[in-house]
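To start, the structure itself, in structure tokens.
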Amino acid sequence: MALSVVVLLALFFVLLLINVPISFCIGIATVATLLINVDFETAVSTVSQRMVGGIDSFALLAIPFFILSGLIMGRGGIARRLIECAMALIGALPGGLALVNVVSCMLFGAISGSAVAATSAIGSFMVPQMESKGYSRDFSAAVTAAAATTGMLIPPSNILIIYAIASGGVSIAALFVAGYLPGILLGLALMLVCAIYAKAKGYPVGDRLQWSQVLPKVGAALPSLLLIVVVIGGIIGGIFTATEAGAVAVIYALVLSMVFYKEVKPSQLPGILLKAVETTAIVMFLIACSSAMSWLLSFEQIPQAISQALVTLSDNPIVILLIINLVLIVVGAFLDMTPAVLIFTPIFLPVAESLGMSPLHFGIMIVLNLSIGLCSPPVGSVLFVGCAVANTTIERLLKPLLPLYIAMFAVLMLVTYVPAISEALPRWMGL
């Protein structure tokens, strides 16, 4: 087992360091590790079967639907209306534009289900806007990158669907509902940091609008926000499954963007569909490769070995959960969320359950934890998009990101050690 682990990890990180795509890193490392015990044909055949089995799930059909609905709404003027709505409501508070940035990212991330999409759509508008009012470009980009991760928790969220599958059947509806309070708490923590930072730097606030000016802005954004109500309400009410909810989201997004807002033309649909196919293919191949590696780890009894090691280190649940979180933070800095959830859920979930943590609570903890990795160097995809949008560098973003990291870690600790934050709403709703 020791040799297998060494080969798997060494080859994976070597490939990662030479910029091989993450899915190929996982797949090649898995095949190479199997070659220690079996011939090439058997290794390739076994990995292929596990890859196909990993994506043979009805629940995963929700992912392409939510990807497509997010792309449609991203082109349909949704981001601009959400920003204008947030600006009308909270733009006059201390650090107004920074708060608007956070709220807009939360709303758009929830609607699109993508932190990268939220960073690109909101950042391309808000970063220049904030800079024109005297905010630092680096601070503006840092706020966008950190706030975009809230969409991973606030449903509908593709990564929560993936966790439901990796955990062996946690209710997707329960996970969706469980993500609300932690996601909102994370957004509020980031807003608090932004307000303090803006106050210390003397950044300007926006003009206070009359209700006659606010209501039209809210009304224009309301149809977009109703998507969340339709999707989540339908799932919780048992009207449709998460997969069917994805299809409903596509239809709603098409009607909203083409008929109501009239910002997506029929001629644009082929390009949007092609992009959705491309993104879906990347995600599904990543899931397939990660499933194969997850199977190999289980076959080599790595989860059991890690569980025993953690129990040996300490018998204190607080210490063990802190160690798990620290390990996942390091993992999230190097590994994308999808493979990280698929690989590490089977490893750490049994440990968490042995400490009395429910699979639902653990799912919110791991997603929140790995969300921090999205805006962390060296691999954080959201961080790179934020740098591209703001035309800056990772090095310049790290300083304004530090207080935001602290806020995110503080919320992570609250979510980890206070189960009610994740479990109260699902329990109240009978999920």
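Residue numbers start at 1 in each chain; chains themselves are named A, B, ... in the order of the structure tokens; ligands are numbered from 1 in the order shown.
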Sort by chain and increasing residue number a table of all residues of range 170-267 of chain A within 12 Å of range 412-424 of chain A, each with its closest pair of atoms and their distance in Å to one decimal, counting only C-alpha atoms, and write it as a tab-separated table.
```
residue	atom	partner	partner_atom	distance
A:Ala174	CA	A:Glu423	CA	8.7
A:Leu175	CA	A:Ser422	CA	8.7
A:Phe176	CA	A:Ser422	CA	10.2
A:Val177	CA	A:Ser422	CA	8.5
A:Ala178	CA	A:Ser422	CA	4.9
A:Gly179	CA	A:Ser422	CA	6.7
A:Tyr180	CA	A:Ser422	CA	8.1
A:Leu181	CA	A:Ile421	CA	6.2
A:Pro182	CA	A:Ile421	CA	6.4
A:Gly183	CA	A:Ser422	CA	9.8
A:Ile184	CA	A:Ile421	CA	10.6
A:Leu185	CA	A:Ile421	CA	9.1
A:Leu186	CA	A:Leu412	CA	8.4
A:Ala189	CA	A:Leu412	CA	10.9
```
> Ser171 in chain A: which residues within 12 Å, counting only C-alpha atoms, same-chain residues fewer than 2 positions away excluded, as number ranges by chain?
Replying inline: A: 59, 160-169, 173-178, 235-236, 241-242, 359-361, 363, 426, 430-431
>> Please list as a list in words every residue within 12 Å of range 6-13 of chain A, counting only C-alpha atoms and excluding residues in the same chain fewer than 5 positions away.
In response: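 Once the adjacent positions are removed, what remains is Met1, Ile18, Asn19, Val20, Pro21, Ile22, Ser23, Phe24, Cys25, Ile26, Gly27, Ile28, Ala29, Thr30, Val31, Ala32, Thr33, Leu34, Leu35, Ile36, Met293, Ser294, Leu296, Leu297, Glu300, Ile302, Val331, Phe334 and Leu335 of chain A.
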Selection from above, C-alpha atoms, as a JSON list (two decimals), in the first residue's frame, can you write it?
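This is the output file part.json:
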```json
[["chain", "number", "residue", "atom", "x", "y", "z"],
["A", 1, "MET", "CA", 0.00, 0.00, 0.00],
["A", 18, "ILE", "CA", 4.41, 20.70, -15.37],
["A", 19, "ASN", "CA", 0.93, 22.10, -16.11],
["A", 20, "VAL", "CA", -0.77, 18.92, -17.30],
["A", 21, "PRO", "CA", -4.58, 19.41, -17.08],
["A", 22, "ILE", "CA", -5.89, 18.23, -13.71],
["A", 23, "SER", "CA", -8.14, 15.49, -15.12],
["A", 24, "PHE", "CA", -5.22, 13.95, -17.03],
["A", 25, "CYS", "CA", -3.04, 14.19, -13.89],
["A", 26, "ILE", "CA", -5.62, 12.16, -11.99],
["A", 27, "GLY", "CA", -6.23, 9.61, -14.77],
["A", 28, "ILE", "CA", -2.56, 8.99, -15.62],
["A", 29, "ALA", "CA", -1.56, 8.73, -11.95],
["A", 30, "THR", "CA", -4.36, 6.21, -11.34],
["A", 31, "VAL", "CA", -3.40, 4.00, -14.29],
["A", 32, "ALA", "CA", 0.32, 4.16, -13.41],
["A", 33, "THR", "CA", -0.39, 3.14, -9.80],
["A", 34, "LEU", "CA", -2.43, 0.13, -10.92],
["A", 35, "LEU", "CA", 0.49, -0.97, -13.13],
["A", 36, "ILE", "CA", 2.40, -1.88, -9.97],
["A", 293, "MET", "CA", -8.92, 7.57, -8.32],
["A", 294, "SER", "CA", -11.45, 7.46, -5.49],
["A", 296, "LEU", "CA", -8.29, 3.10, -6.22],
["A", 297, "LEU", "CA", -7.87, 4.82, -2.86],
["A", 300, "GLU", "CA", -5.85, 0.32, -1.33],
["A", 302, "ILE", "CA", -6.31, 4.52, 2.21],
["A", 331, "VAL", "CA", -5.82, 20.28, -0.80],
["A", 334, "PHE", "CA", -3.85, 22.57, -5.33],
["A", 335, "LEU", "CA", -6.92, 20.65, -6.45]]
```
> Pick the closest to Ala110 in chain A from A:Ile228, A:Cys85, A:Thr46, A:Lys201: which is it, counting only C-alpha atoms?
Replying inline: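 Selected residue with least distance to Ala110 in chain A: A:Ile228.
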> Got a sec: who's within 9 Å of range 319-323 of chain A, counting only C-alpha atoms, leaving out chain neighbours fewer than 4 positions off, as a ChimeraX atom specification?
Replying inline: /A:310-311,313-315,327-328,351-352,355,413,416-417
> Quick one: residues within 12 Å of Ala407 in chain A, only C-alpha atoms counted, chain neighbours fewer than 3 positions away excluded, as a ChimeraX atom specification?
Replying inline: /A:143,146-147,185-194,372,401-404,410-414
> Between A:Met284, A:Val116, A:Ile72, A:Val248, which one has atoms that come closest to Ser371 in chain A, using only C-alpha atoms?
Replying inline: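 Going through A:Met284, A:Val116, A:Ile72, A:Val248 one by one, the smallest distance to Ser371 in chain A is for A:Val116.
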>> Which residues are near Leu222 in chain A? Cut-off 12 Å, only C-alpha atoms, ignore same chain within fewer than 3 positions. Put them as an NGL selection string.
In response: :A and (78 or 81-82 or 84-86 or 107 or 215-219 or 225-229 or 256 or 260-261)
With all heavy atoms retained, export the selected residues as a compact mmCIF listing (two decimals), in the first residue's frame.
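Listing of again.txt after writing:
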```txt
# COMPACT_ATOMS: atom_id res chain seq x y z
N ILE A 78 -28.55 39.60 -16.75
CA ILE A 78 -28.93 39.34 -15.35
C ILE A 78 -27.96 40.05 -14.40
O ILE A 78 -28.39 40.68 -13.42
CB ILE A 78 -28.93 37.83 -15.05
CG1 ILE A 78 -29.75 37.08 -16.11
CG2 ILE A 78 -29.46 37.57 -13.65
CD1 ILE A 78 -31.17 37.50 -16.23
N ARG A 81 -28.58 43.82 -13.92
CA ARG A 81 -29.80 44.12 -13.13
C ARG A 81 -29.62 43.80 -11.65
O ARG A 81 -30.13 44.50 -10.79
CB ARG A 81 -30.98 43.36 -13.73
CG ARG A 81 -31.42 43.93 -15.08
CD ARG A 81 -32.48 43.08 -15.74
NE ARG A 81 -33.00 43.74 -16.94
CZ ARG A 81 -32.42 43.66 -18.13
NH1 ARG A 81 -31.32 42.95 -18.29
NH2 ARG A 81 -32.95 44.29 -19.18
N LEU A 82 -28.90 42.72 -11.36
CA LEU A 82 -28.63 42.38 -9.96
C LEU A 82 -27.74 43.43 -9.30
O LEU A 82 -27.95 43.80 -8.15
CB LEU A 82 -27.98 41.00 -9.87
CG LEU A 82 -28.85 39.79 -10.25
CD1 LEU A 82 -28.03 38.51 -10.22
CD2 LEU A 82 -30.04 39.68 -9.31
N GLU A 84 -27.50 46.62 -10.19
CA GLU A 84 -28.29 47.84 -10.01
C GLU A 84 -29.24 47.71 -8.82
O GLU A 84 -29.46 48.67 -8.08
CB GLU A 84 -29.06 48.14 -11.29
CG GLU A 84 -28.16 48.60 -12.44
CD GLU A 84 -28.93 48.79 -13.74
OE1 GLU A 84 -30.13 48.42 -13.78
OE2 GLU A 84 -28.33 49.29 -14.72
N CYS A 85 -29.81 46.52 -8.64
CA CYS A 85 -30.71 46.28 -7.50
C CYS A 85 -29.94 46.40 -6.19
O CYS A 85 -30.38 47.09 -5.26
CB CYS A 85 -31.32 44.89 -7.63
SG CYS A 85 -32.31 44.38 -6.20
N ALA A 86 -28.77 45.74 -6.11
CA ALA A 86 -27.96 45.80 -4.89
C ALA A 86 -27.48 47.21 -4.61
O ALA A 86 -27.46 47.67 -3.46
CB ALA A 86 -26.77 44.85 -5.01
N LEU A 107 -25.77 36.73 -5.29
CA LEU A 107 -27.00 36.50 -6.06
C LEU A 107 -26.71 35.85 -7.40
O LEU A 107 -27.35 34.88 -7.79
CB LEU A 107 -27.74 37.83 -6.27
CG LEU A 107 -28.27 38.50 -5.01
CD1 LEU A 107 -28.86 39.87 -5.34
CD2 LEU A 107 -29.31 37.64 -4.32
N LEU A 215 -37.47 51.07 -6.10
CA LEU A 215 -38.42 50.03 -6.48
C LEU A 215 -38.29 49.56 -7.93
O LEU A 215 -38.37 48.35 -8.19
CB LEU A 215 -39.86 50.50 -6.19
CG LEU A 215 -40.20 50.64 -4.70
CD1 LEU A 215 -41.61 51.18 -4.52
CD2 LEU A 215 -40.06 49.29 -3.99
N PRO A 216 -38.09 50.45 -8.90
CA PRO A 216 -37.90 49.96 -10.28
C PRO A 216 -36.68 49.06 -10.43
O PRO A 216 -36.70 48.10 -11.22
CB PRO A 216 -37.75 51.25 -11.09
CG PRO A 216 -38.43 52.30 -10.27
CD PRO A 216 -38.16 51.93 -8.86
N LYS A 217 -35.60 49.37 -9.71
CA LYS A 217 -34.38 48.56 -9.79
C LYS A 217 -34.63 47.17 -9.21
O LYS A 217 -34.20 46.16 -9.78
CB LYS A 217 -33.24 49.23 -9.00
CG LYS A 217 -32.91 50.66 -9.41
CD LYS A 217 -32.23 50.70 -10.75
CE LYS A 217 -31.79 52.13 -11.10
NZ LYS A 217 -31.19 52.21 -12.44
N VAL A 218 -35.34 47.12 -8.08
CA VAL A 218 -35.68 45.84 -7.46
C VAL A 218 -36.62 45.05 -8.37
O VAL A 218 -36.46 43.84 -8.56
CB VAL A 218 -36.32 46.06 -6.07
CG1 VAL A 218 -36.79 44.73 -5.48
CG2 VAL A 218 -35.34 46.75 -5.13
N GLY A 219 -37.59 45.75 -8.95
CA GLY A 219 -38.55 45.09 -9.83
C GLY A 219 -37.89 44.48 -11.06
O GLY A 219 -38.28 43.39 -11.51
N LEU A 225 -34.35 36.67 -9.68
CA LEU A 225 -34.28 36.06 -8.35
C LEU A 225 -35.35 34.99 -8.18
O LEU A 225 -35.19 34.06 -7.38
CB LEU A 225 -34.45 37.14 -7.28
CG LEU A 225 -33.37 38.23 -7.26
CD1 LEU A 225 -33.69 39.30 -6.23
CD2 LEU A 225 -32.00 37.62 -6.97
N LEU A 226 -36.43 35.10 -8.94
CA LEU A 226 -37.49 34.10 -8.84
C LEU A 226 -37.04 32.72 -9.30
O LEU A 226 -37.65 31.71 -8.95
CB LEU A 226 -38.72 34.54 -9.64
CG LEU A 226 -39.63 35.58 -8.98
CD1 LEU A 226 -40.74 35.99 -9.92
CD2 LEU A 226 -40.20 35.04 -7.67
N LEU A 227 -35.95 32.68 -10.10
CA LEU A 227 -35.43 31.38 -10.54
C LEU A 227 -35.08 30.52 -9.33
O LEU A 227 -35.36 29.31 -9.31
CB LEU A 227 -34.19 31.57 -11.41
CG LEU A 227 -33.44 30.29 -11.78
CD1 LEU A 227 -34.30 29.42 -12.68
CD2 LEU A 227 -32.11 30.59 -12.45
N ILE A 228 -34.46 31.14 -8.32
CA ILE A 228 -34.07 30.40 -7.12
C ILE A 228 -35.32 29.85 -6.42
O ILE A 228 -35.35 28.70 -5.99
CB ILE A 228 -33.27 31.30 -6.15
CG1 ILE A 228 -32.03 31.84 -6.86
CG2 ILE A 228 -32.89 30.54 -4.90
CD1 ILE A 228 -31.25 32.86 -6.04
N VAL A 229 -36.36 30.67 -6.35
CA VAL A 229 -37.61 30.25 -5.70
C VAL A 229 -38.23 29.09 -6.46
O VAL A 229 -38.67 28.09 -5.86
CB VAL A 229 -38.59 31.44 -5.62
CG1 VAL A 229 -39.92 30.99 -5.01
CG2 VAL A 229 -37.99 32.58 -4.82
N LEU A 256 -36.85 34.14 -19.80
CA LEU A 256 -36.46 35.41 -19.17
C LEU A 256 -35.52 36.21 -20.06
O LEU A 256 -35.70 37.41 -20.27
CB LEU A 256 -35.78 35.12 -17.83
CG LEU A 256 -35.49 36.32 -16.92
CD1 LEU A 256 -36.78 36.99 -16.49
CD2 LEU A 256 -34.70 35.87 -15.69
N PHE A 260 -38.53 38.16 -21.93
CA PHE A 260 -38.75 39.22 -20.94
C PHE A 260 -37.71 40.33 -21.07
O PHE A 260 -38.05 41.50 -21.26
CB PHE A 260 -38.74 38.61 -19.53
CG PHE A 260 -39.24 39.55 -18.47
CD1 PHE A 260 -40.60 39.76 -18.28
CD2 PHE A 260 -38.35 40.24 -17.67
CE1 PHE A 260 -41.06 40.63 -17.31
CE2 PHE A 260 -38.79 41.11 -16.69
CZ PHE A 260 -40.16 41.31 -16.51
N TYR A 261 -36.42 39.97 -20.98
CA TYR A 261 -35.35 40.97 -21.08
C TYR A 261 -34.94 41.26 -22.52
O TYR A 261 -34.38 42.31 -22.83
CB TYR A 261 -34.12 40.53 -20.29
CG TYR A 261 -34.30 40.54 -18.79
CD1 TYR A 261 -33.63 39.63 -17.98
CD2 TYR A 261 -35.15 41.46 -18.16
CE1 TYR A 261 -33.78 39.63 -16.60
CE2 TYR A 261 -35.31 41.47 -16.79
CZ TYR A 261 -34.62 40.55 -16.01
OH TYR A 261 -34.77 40.56 -14.64
```
>> What parts of range 323-384 of chain A does DSSP call alpha helix (DSSP H)? I'd like the answer as a PyMOL selection string.
In response: chain A and resi 323-334+337-354+359-374+381-384
Need the shell around Val283 in chain A: protein/DNA/RNA residues with any atom at most 10 Å away, counting only C-alpha atoms. Skip same-chain ones fewer than 2 positions apart. Format as a PDB file with N, CA, C and O atoms, in the first residue's frame?
```
ATOM      1  N   SER A  23      -7.472  16.774 -14.882  1.00  0.00           N
ATOM      2  CA  SER A  23      -8.142  15.494 -15.122  1.00  0.00           C
ATOM      3  C   SER A  23      -7.157  14.453 -15.638  1.00  0.00           C
ATOM      4  O   SER A  23      -7.208  13.279 -15.246  1.00  0.00           O
ATOM      5  N   ILE A  63     -26.306  18.626 -13.814  1.00  0.00           N
ATOM      6  CA  ILE A  63     -25.161  19.529 -13.998  1.00  0.00           C
ATOM      7  C   ILE A  63     -25.178  20.216 -15.363  1.00  0.00           C
ATOM      8  O   ILE A  63     -25.056  21.443 -15.434  1.00  0.00           O
ATOM      9  N   PRO A  64     -25.307  19.470 -16.496  1.00  0.00           N
ATOM     10  CA  PRO A  64     -25.360  20.192 -17.781  1.00  0.00           C
ATOM     11  C   PRO A  64     -26.526  21.165 -17.890  1.00  0.00           C
ATOM     12  O   PRO A  64     -26.408  22.221 -18.515  1.00  0.00           O
ATOM     13  N   VAL A 277     -21.840  22.577 -23.868  1.00  0.00           N
ATOM     14  CA  VAL A 277     -21.334  21.228 -24.161  1.00  0.00           C
ATOM     15  C   VAL A 277     -19.865  21.118 -23.776  1.00  0.00           C
ATOM     16  O   VAL A 277     -19.431  20.133 -23.157  1.00  0.00           O
ATOM     17  N   GLU A 278     -19.092  22.130 -24.130  1.00  0.00           N
ATOM     18  CA  GLU A 278     -17.663  22.139 -23.811  1.00  0.00           C
ATOM     19  C   GLU A 278     -17.431  22.091 -22.298  1.00  0.00           C
ATOM     20  O   GLU A 278     -16.629  21.288 -21.799  1.00  0.00           O
ATOM     21  N   THR A 279     -18.142  22.940 -21.564  1.00  0.00           N
ATOM     22  CA  THR A 279     -17.992  22.979 -20.111  1.00  0.00           C
ATOM     23  C   THR A 279     -18.442  21.675 -19.468  1.00  0.00           C
ATOM     24  O   THR A 279     -17.787  21.149 -18.562  1.00  0.00           O
ATOM     25  N   THR A 280     -19.566  21.131 -19.956  1.00  0.00           N
ATOM     26  CA  THR A 280     -20.081  19.867 -19.420  1.00  0.00           C
ATOM     27  C   THR A 280     -19.091  18.735 -19.649  1.00  0.00           C
ATOM     28  O   THR A 280     -18.860  17.897 -18.761  1.00  0.00           O
ATOM     29  N   ALA A 281     -18.497  18.693 -20.844  1.00  0.00           N
ATOM     30  CA  ALA A 281     -17.521  17.639 -21.165  1.00  0.00           C
ATOM     31  C   ALA A 281     -16.328  17.703 -20.218  1.00  0.00           C
ATOM     32  O   ALA A 281     -15.851  16.671 -19.721  1.00  0.00           O
ATOM     33  N   PHE A 285     -15.630  14.680 -17.557  1.00  0.00           N
ATOM     34  CA  PHE A 285     -14.370  13.940 -17.647  1.00  0.00           C
ATOM     35  C   PHE A 285     -13.611  14.024 -16.330  1.00  0.00           C
ATOM     36  O   PHE A 285     -12.984  13.058 -15.878  1.00  0.00           O
ATOM     37  N   LEU A 286     -13.681  15.190 -15.696  1.00  0.00           N
ATOM     38  CA  LEU A 286     -13.043  15.377 -14.391  1.00  0.00           C
ATOM     39  C   LEU A 286     -13.690  14.475 -13.344  1.00  0.00           C
ATOM     40  O   LEU A 286     -13.002  13.847 -12.525  1.00  0.00           O
ATOM     41  N   ILE A 287     -15.021  14.404 -13.364  1.00  0.00           N
ATOM     42  CA  ILE A 287     -15.743  13.530 -12.430  1.00  0.00           C
ATOM     43  C   ILE A 287     -15.367  12.069 -12.677  1.00  0.00           C
ATOM     44  O   ILE A 287     -15.138  11.292 -11.731  1.00  0.00           O
ATOM     45  N   ALA A 288     -15.293  11.679 -13.945  1.00  0.00           N
ATOM     46  CA  ALA A 288     -14.968  10.290 -14.294  1.00  0.00           C
ATOM     47  C   ALA A 288     -13.580   9.908 -13.786  1.00  0.00           C
ATOM     48  O   ALA A 288     -13.400   8.863 -13.149  1.00  0.00           O
ATOM     49  N   THR A 338     -14.221  19.754  -7.683  1.00  0.00           N
ATOM     50  CA  THR A 338     -14.884  18.507  -8.079  1.00  0.00           C
ATOM     51  C   THR A 338     -14.060  17.276  -7.733  1.00  0.00           C
ATOM     52  O   THR A 338     -14.555  16.375  -7.043  1.00  0.00           O
ATOM     53  N   PRO A 339     -12.805  17.175  -8.192  1.00  0.00           N
ATOM     54  CA  PRO A 339     -12.028  15.995  -7.795  1.00  0.00           C
ATOM     55  C   PRO A 339     -11.762  15.936  -6.297  1.00  0.00           C
ATOM     56  O   PRO A 339     -11.719  14.847  -5.717  1.00  0.00           O
TER      57      PRO A 339
END
```
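With only C-alpha atoms as the atoms that count, the minimum distance from Pro155 in chain A to the choices A:Phe139, A:Phe344, A:Tyr197, A:Phe66 is reached by A:Phe66.
Nearest to Asp56 in chain A of all the residues A:Gln129, A:Gln308, A:Thr345, A:Ser291 is A:Ser291, based on only C-alpha atoms.
Each of A:Val44, A:Val385, A:Gly123, A:Leu71 was checked against Ile83 in chain A using only C-alpha atoms; the smallest atom-to-atom distance is that of A:Gly123.
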>> Report, in Å with one decimal, the straight-line distance from CA of Val379 in chain A to CA of Ser112 in chain A.
In response: 21.9 Å
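Here CA of Leu3 in chain A and CA of Leu370 in chain A stand 27.9 Å from one another.
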